[in-house]
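Asker: Structure file entry07.txt (compact mmCIF, C-alpha atoms) is given on the next line.
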# COMPACT_ATOMS: atom_id res chain seq x y z
CA MET A 1 43.81 51.27 68.33
CA PRO A 2 43.90 54.96 69.31
CA PRO A 3 41.35 56.30 71.81
CA PRO A 4 37.62 56.06 71.25
CA ASP A 5 36.35 59.56 71.39
CA ALA A 6 37.73 62.98 71.98
CA SER A 7 36.19 66.27 72.85
CA THR A 8 35.31 68.65 70.07
CA ASP A 9 33.23 71.75 70.20
CA ALA A 10 30.50 70.75 72.59
CA GLY A 11 32.51 69.99 75.67
CA THR A 12 32.39 66.21 75.50
CA ASN A 13 34.83 63.81 73.96
CA SER A 14 35.09 63.15 70.28
CA ALA A 15 37.32 60.25 69.46
CA PRO A 16 39.67 58.26 71.63
CA ARG A 17 39.38 54.87 73.16
CA ALA A 18 39.22 53.23 69.79
CA GLY A 19 42.72 54.23 69.36
CA SER A 20 42.92 55.42 72.96
CA GLY A 21 38.87 66.01 81.03
CA THR A 22 39.70 68.98 80.36
CA GLU A 23 40.92 71.98 82.24
CA ASP A 24 39.90 75.34 80.85
CA THR A 25 42.88 76.74 78.97
CA LEU A 26 41.42 80.17 78.29
CA ASP A 27 44.17 81.83 80.33
CA LEU A 28 46.93 79.45 79.25
CA ARG A 29 49.91 81.10 77.63
CA LEU A 30 53.07 79.63 76.22
CA SER A 31 55.49 78.43 78.86
CA ASP A 32 59.13 79.47 78.62
CA GLU A 33 59.86 76.04 77.15
CA LEU A 34 57.17 76.41 74.49
CA VAL A 35 58.34 79.92 73.67
CA ALA A 36 61.85 78.57 73.22
CA LEU A 37 60.52 75.80 70.98
CA PHE A 38 58.16 77.95 68.94
CA GLY A 39 60.30 81.08 68.67
CA ASP A 40 58.99 84.51 67.77
CA ASP A 41 57.41 83.40 64.51
CA GLY A 42 55.02 80.84 65.96
CA PRO A 43 55.20 77.06 66.37
CA VAL A 44 57.76 75.01 64.54
CA ALA A 45 58.45 71.31 64.49
CA GLY A 46 60.01 69.83 67.61
CA PRO A 47 63.35 68.07 67.67
CA ARG A 48 61.81 64.71 66.80
CA ALA A 49 59.53 64.39 63.81
CA VAL A 50 56.75 62.29 65.27
CA GLY A 51 54.81 60.42 62.63
CA GLY A 52 57.75 59.64 60.38
CA ASP A 53 57.31 58.27 56.88
CA LEU A 54 54.13 56.33 57.69
CA LEU A 55 52.28 59.65 58.14
CA ASP A 56 54.39 61.97 55.99
CA THR A 57 55.59 63.83 59.09
CA PRO A 58 52.69 65.85 60.57
CA ALA A 59 55.26 68.12 62.25
CA ASP A 60 55.89 69.66 58.83
CA TRP A 61 52.26 70.33 57.90
CA GLY A 62 51.67 73.81 59.26
CA PRO A 63 51.00 76.45 60.23
CA VAL A 64 47.72 77.17 58.48
CA THR A 65 45.35 80.11 58.69
CA THR A 66 41.81 79.23 59.78
CA PRO A 67 38.76 81.42 60.45
CA ALA A 68 39.69 81.09 64.15
CA GLY A 69 43.33 82.12 63.70
CA VAL A 70 46.70 80.59 62.85
CA PHE A 71 46.78 76.91 63.79
CA GLN A 72 49.54 74.31 63.91
CA LEU A 73 50.01 70.72 65.00
CA VAL A 74 53.08 70.45 67.25
CA PRO A 75 54.41 66.99 68.14
CA VAL A 76 53.94 66.08 71.80
CA ARG A 77 56.97 65.98 74.05
CA ILE A 78 56.17 64.15 77.28
CA GLU A 79 58.59 66.13 79.42
CA ARG A 80 56.98 69.39 78.30
CA ASP A 81 53.34 68.52 77.65
CA LEU A 82 52.36 65.74 80.05
CA PRO A 83 50.99 67.95 82.87
CA LEU A 84 48.75 69.87 80.47
CA ILE A 85 47.43 66.83 78.60
CA SER A 86 46.88 64.95 81.85
CA ARG A 87 44.85 67.87 83.24
CA TRP A 88 42.66 67.78 80.17
CA MET A 89 42.19 64.02 80.52
CA ASN A 90 40.97 64.51 84.09
CA ASP A 91 38.09 66.75 83.10
CA PRO A 92 34.97 64.62 83.65
CA ALA A 93 33.56 65.49 80.22
CA VAL A 94 36.72 64.18 78.57
CA ALA A 95 37.27 61.24 80.91
CA ALA A 96 33.82 59.90 80.05
CA PHE A 97 35.10 59.02 76.58
CA TRP A 98 38.91 58.88 76.68
CA GLU A 99 38.96 57.01 80.02
CA LEU A 100 42.45 58.27 80.85
CA GLU A 101 41.71 60.05 84.11
CA GLY A 102 44.10 59.59 87.00
CA PRO A 103 47.71 60.53 87.74
CA HIS A 104 50.13 61.72 85.07
CA GLU A 105 51.39 58.16 84.63
CA VAL A 106 48.06 57.10 83.12
CA THR A 107 48.34 59.65 80.31
CA ALA A 108 52.07 58.94 79.91
CA ALA A 109 51.31 55.25 79.39
CA HIS A 110 48.95 56.24 76.58
CA LEU A 111 51.45 58.58 74.92
CA ARG A 112 54.68 56.60 75.12
CA PRO A 113 53.72 53.69 72.84
CA GLN A 114 52.85 56.22 70.14
CA LEU A 115 56.02 58.25 70.61
CA ASP A 116 58.24 55.17 70.79
CA GLY A 117 56.45 53.26 68.04
CA ASP A 118 56.97 53.01 64.29
CA GLY A 119 55.23 56.29 63.47
CA ARG A 120 51.77 54.99 62.65
CA SER A 121 50.24 57.32 65.26
CA ALA A 122 51.36 60.88 65.96
CA PRO A 123 50.18 62.62 69.15
CA CYS A 124 50.21 66.41 68.77
CA LEU A 125 49.22 69.57 70.56
CA GLY A 126 46.96 71.87 68.61
CA VAL A 127 48.27 75.41 68.98
CA LEU A 128 45.88 78.20 68.00
CA GLY A 129 47.13 81.78 67.99
CA GLY A 130 50.20 80.71 69.98
CA VAL A 131 48.15 78.97 72.70
CA PRO A 132 48.10 75.17 73.15
CA MET A 133 44.37 74.42 73.29
CA SER A 134 43.75 70.91 71.97
CA TYR A 135 45.19 67.41 71.76
CA TRP A 136 45.22 65.46 68.49
CA GLU A 137 46.13 61.99 67.33
CA ILE A 138 46.76 61.52 63.62
CA TYR A 139 47.03 57.83 62.83
CA ARG A 140 47.13 55.31 60.01
CA ALA A 141 43.66 53.83 60.25
CA ASP A 142 44.55 51.14 57.73
CA LEU A 143 47.34 49.92 60.05
CA ASP A 144 45.25 50.23 63.21
CA PRO A 145 43.01 47.59 64.84
CA LEU A 146 40.15 49.79 63.65
CA ALA A 147 40.78 48.37 60.15
CA ARG A 148 39.32 45.05 61.31
CA HIS A 149 35.95 46.70 61.73
CA TYR A 150 35.43 48.56 58.45
CA PRO A 151 36.50 48.18 54.78
CA ALA A 152 39.78 50.04 55.17
CA ARG A 153 41.71 51.32 52.17
CA PRO A 154 45.47 51.83 51.94
CA HIS A 155 46.60 55.06 53.60
CA ASP A 156 43.28 55.80 55.29
CA THR A 157 44.20 58.37 57.95
CA GLY A 158 42.35 58.73 61.24
CA ILE A 159 41.82 61.70 63.52
CA HIS A 160 41.14 61.95 67.25
CA LEU A 161 40.56 65.37 68.81
CA LEU A 162 40.24 66.69 72.33
CA VAL A 163 39.47 70.39 72.84
CA GLY A 164 41.03 71.25 76.19
CA GLY A 165 39.34 74.44 77.31
CA VAL A 166 35.72 74.65 78.39
CA ALA A 167 35.56 78.15 76.91
CA ASP A 168 36.64 76.73 73.53
CA ARG A 169 33.73 74.29 73.32
CA GLY A 170 30.22 74.77 72.04
CA ARG A 171 31.00 77.62 69.65
CA GLY A 172 32.00 75.80 66.46
CA LEU A 173 35.74 75.81 67.05
CA GLY A 174 36.01 72.01 66.90
CA THR A 175 34.29 72.00 63.52
CA THR A 176 36.66 74.68 62.19
CA LEU A 177 39.75 72.81 63.33
CA LEU A 178 38.51 69.40 62.18
CA ARG A 179 38.03 70.77 58.68
CA ALA A 180 41.45 72.43 58.77
CA VAL A 181 43.24 69.30 59.95
CA ALA A 182 41.40 67.06 57.47
CA ASP A 183 42.52 69.45 54.72
CA LEU A 184 46.07 69.29 56.07
CA VAL A 185 45.99 65.49 55.88
CA LEU A 186 44.71 65.47 52.31
CA ASP A 187 47.11 68.21 51.19
CA SER A 188 50.13 66.62 52.87
CA ARG A 189 49.45 62.94 52.20
CA PRO A 190 48.84 62.52 48.45
CA ALA A 191 48.43 58.75 48.87
CA CYS A 192 45.55 59.25 51.32
CA ALA A 193 42.12 59.32 49.69
CA ARG A 194 40.08 59.38 52.90
CA VAL A 195 40.21 60.84 56.38
CA VAL A 196 38.23 58.82 58.91
CA ALA A 197 37.09 59.13 62.51
CA GLU A 198 35.14 56.92 64.91
CA PRO A 199 33.48 59.03 67.63
CA ASP A 200 31.29 57.35 70.19
CA LEU A 201 27.68 57.29 68.99
CA ARG A 202 26.63 58.66 72.38
CA ASN A 203 28.71 61.75 71.75
CA THR A 204 26.19 63.60 69.62
CA PRO A 205 28.04 66.95 69.71
CA SER A 206 31.18 65.27 68.39
CA VAL A 207 29.36 63.48 65.58
CA SER A 208 27.67 66.76 64.67
CA ALA A 209 31.02 68.56 64.58
CA PHE A 210 32.42 66.01 62.14
CA LEU A 211 29.34 66.34 59.94
CA ARG A 212 29.68 70.11 59.87
CA ALA A 213 33.37 69.73 59.03
CA GLY A 214 32.56 67.90 55.79
CA PHE A 215 32.64 64.29 57.01
CA ARG A 216 29.76 61.98 56.15
CA PHE A 217 28.28 59.29 58.35
CA SER A 218 29.28 55.95 56.81
CA ALA A 219 28.30 53.22 59.28
CA GLU A 220 27.84 52.20 62.89
CA LEU A 221 30.75 50.13 64.22
CA ASP A 222 30.80 47.74 67.15
CA LEU A 223 34.29 48.32 68.52
CA PRO A 224 35.71 46.52 71.56
CA ASP A 225 35.15 49.50 73.86
CA LYS A 226 32.30 51.44 72.26
CA ARG A 227 29.67 51.65 69.56
CA ALA A 228 31.02 54.20 67.13
CA ALA A 229 29.96 56.31 64.19
CA LEU A 230 32.32 55.85 61.26
CA MET A 231 32.83 59.31 59.80
CA VAL A 232 34.55 59.69 56.42
CA ARG A 233 35.83 62.68 54.50
CA GLU A 234 36.81 61.75 50.97
CA ARG A 235 39.28 63.61 48.82
CA THR A 236 36.94 63.47 45.83
CA LEU A 237 34.15 65.18 47.79
CA ARG A 238 36.19 67.63 49.85
CA ASN A 239 35.04 70.67 47.88
CA LEU A 240 31.39 69.62 47.89
CA LEU A 241 30.83 69.08 51.62
Would it be possible to restate this file's structure as structure tokens?

Answerer:
Amino acid sequence: MPPPDASTDAGTNSAPRAGSGTEDTLDLRLSDELVALFGDDGPVAGPRAVGGDLLDTPADWGPVTTPAGVFQLVPVRIERDLPLISRWMNDPAVAAFWELEGPHEVTAAHLRPQLDGDGRSAPCLGVLGGVPMSYWEIYRADLDPLARHYPARPHDTGIHLLVGGVADRGRGLGTTLLRAVADLVLDSRPACARVVAEPDLRNTPSVSAFLRAGFRFSAELDLPDKRAALMVRERTLRNLL
């Protein structure tokens, strides 16, 4: 099961340890490696299409224009991205929910099973305006241990989000990106009727961000590592919420 709660726009975590800290990235710019990968026209898919057929290849879903700027999901490459993601995981506000603080190896052990697996979970960097500023996991909720805890439907797709920079939290950015990524899922995965998330109930800012992004609160879930709010965004209601 992906992490329980990850950090969205309020500086705490919004959704890992059910399927799974943050350094301020305000001054972060693309490294030479990222520039080489993204090119002059913005991010493009990496050499390996993480997510495969089970997720209809998230690497091919963007970029998209949002009210905050041009955004794209870029598949994680451990050799390039591990130091950055590990720094985020060691921010106390993030560690409180993702519980992946510690040396790089702790984060690597979380990423590798997803990258080496069958494609049911795709870890990605969220790149906004050319700057990596968030970490995402897009996963098949119906194929995840989470499905034991709610009435899952075929092709239900889950989202975990961690906003990396302190300066990017608390100003509605998480809500904007959650809505954009949920739309990407529904536009790119025609078989998926619902996007789901399971933030920790204690993480009120995260739950609020999902609600503002068009998700509805469906149920409280007793998961092995947390009590969660099941948030659902349905295709049939996407234009109403």

Asker: State, in Å with one decimal place, the distance from CA of Val195 in chain A to CA of Gly164 in chain A.

Answerer: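 Between CA of Val195 in chain A and CA of Gly164 in chain A the gap works out to 22.4 Å.
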
Asker: Please list as a list in words every residue within 9 Å of Val76 in chain A, counting only C-alpha atoms and excluding residues in the same chain fewer than 2 positions away.

Answerer: Gly46, Val50, Val74, Ile78, Glu79, Arg80, Asp81, Leu82, Leu111, Leu115, Ala122, Pro123, Cys124, Leu125 and Tyr135 of chain A

Asker: Quick one: everything within 7 Å of range 176-181 of chain A, counting all atoms listed in the file, minus sequence neighbours fewer than 6 positions away in the same chain. Send it as an MDAnalysis selection string.

Answerer: chainID A and resid 66 210 213:214

Asker: Quick one: everything within 10 Å of Trp61 in chain A, counting all atoms listed in the file, minus sequence neighbours fewer than 3 positions away in the same chain. Send it as a ChimeraX atom specification.

Answerer: /A:44-45,56-58,64,72-74,181,184-185,187-189

Asker: What is the distance, in Å and to one decimal place, between CA of Asp118 in chain A and CA of Pro132 in chain A?

Answerer: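 Value for the CA of Asp118 in chain A-CA of Pro132 in chain A distance: 25.5 Å.
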
Asker: Quick one: pull the distance between CA of Gly62 in chain A and CA of Leu146 in chain A, Å, one decimal.

Answerer: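 CA of Gly62 in chain A sits 27.0 Å away from CA of Leu146 in chain A.
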
Asker: I need the residue nearest Met133 in chain A from this list: A:Gly172, A:Pro75, A:Gly165, A:Gly69. Use all atoms listed in the file for the distance.

Answerer: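 Smallest distance to Met133 in chain A is found for A:Gly165.
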
Asker: Tell me which of A:Asn239, A:Ser86, A:Thr157, A:Thr65 sits closest to Val196 in chain A, counting all atoms listed in the file.

Answerer: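 The closest residue to Val196 in chain A is A:Thr157.
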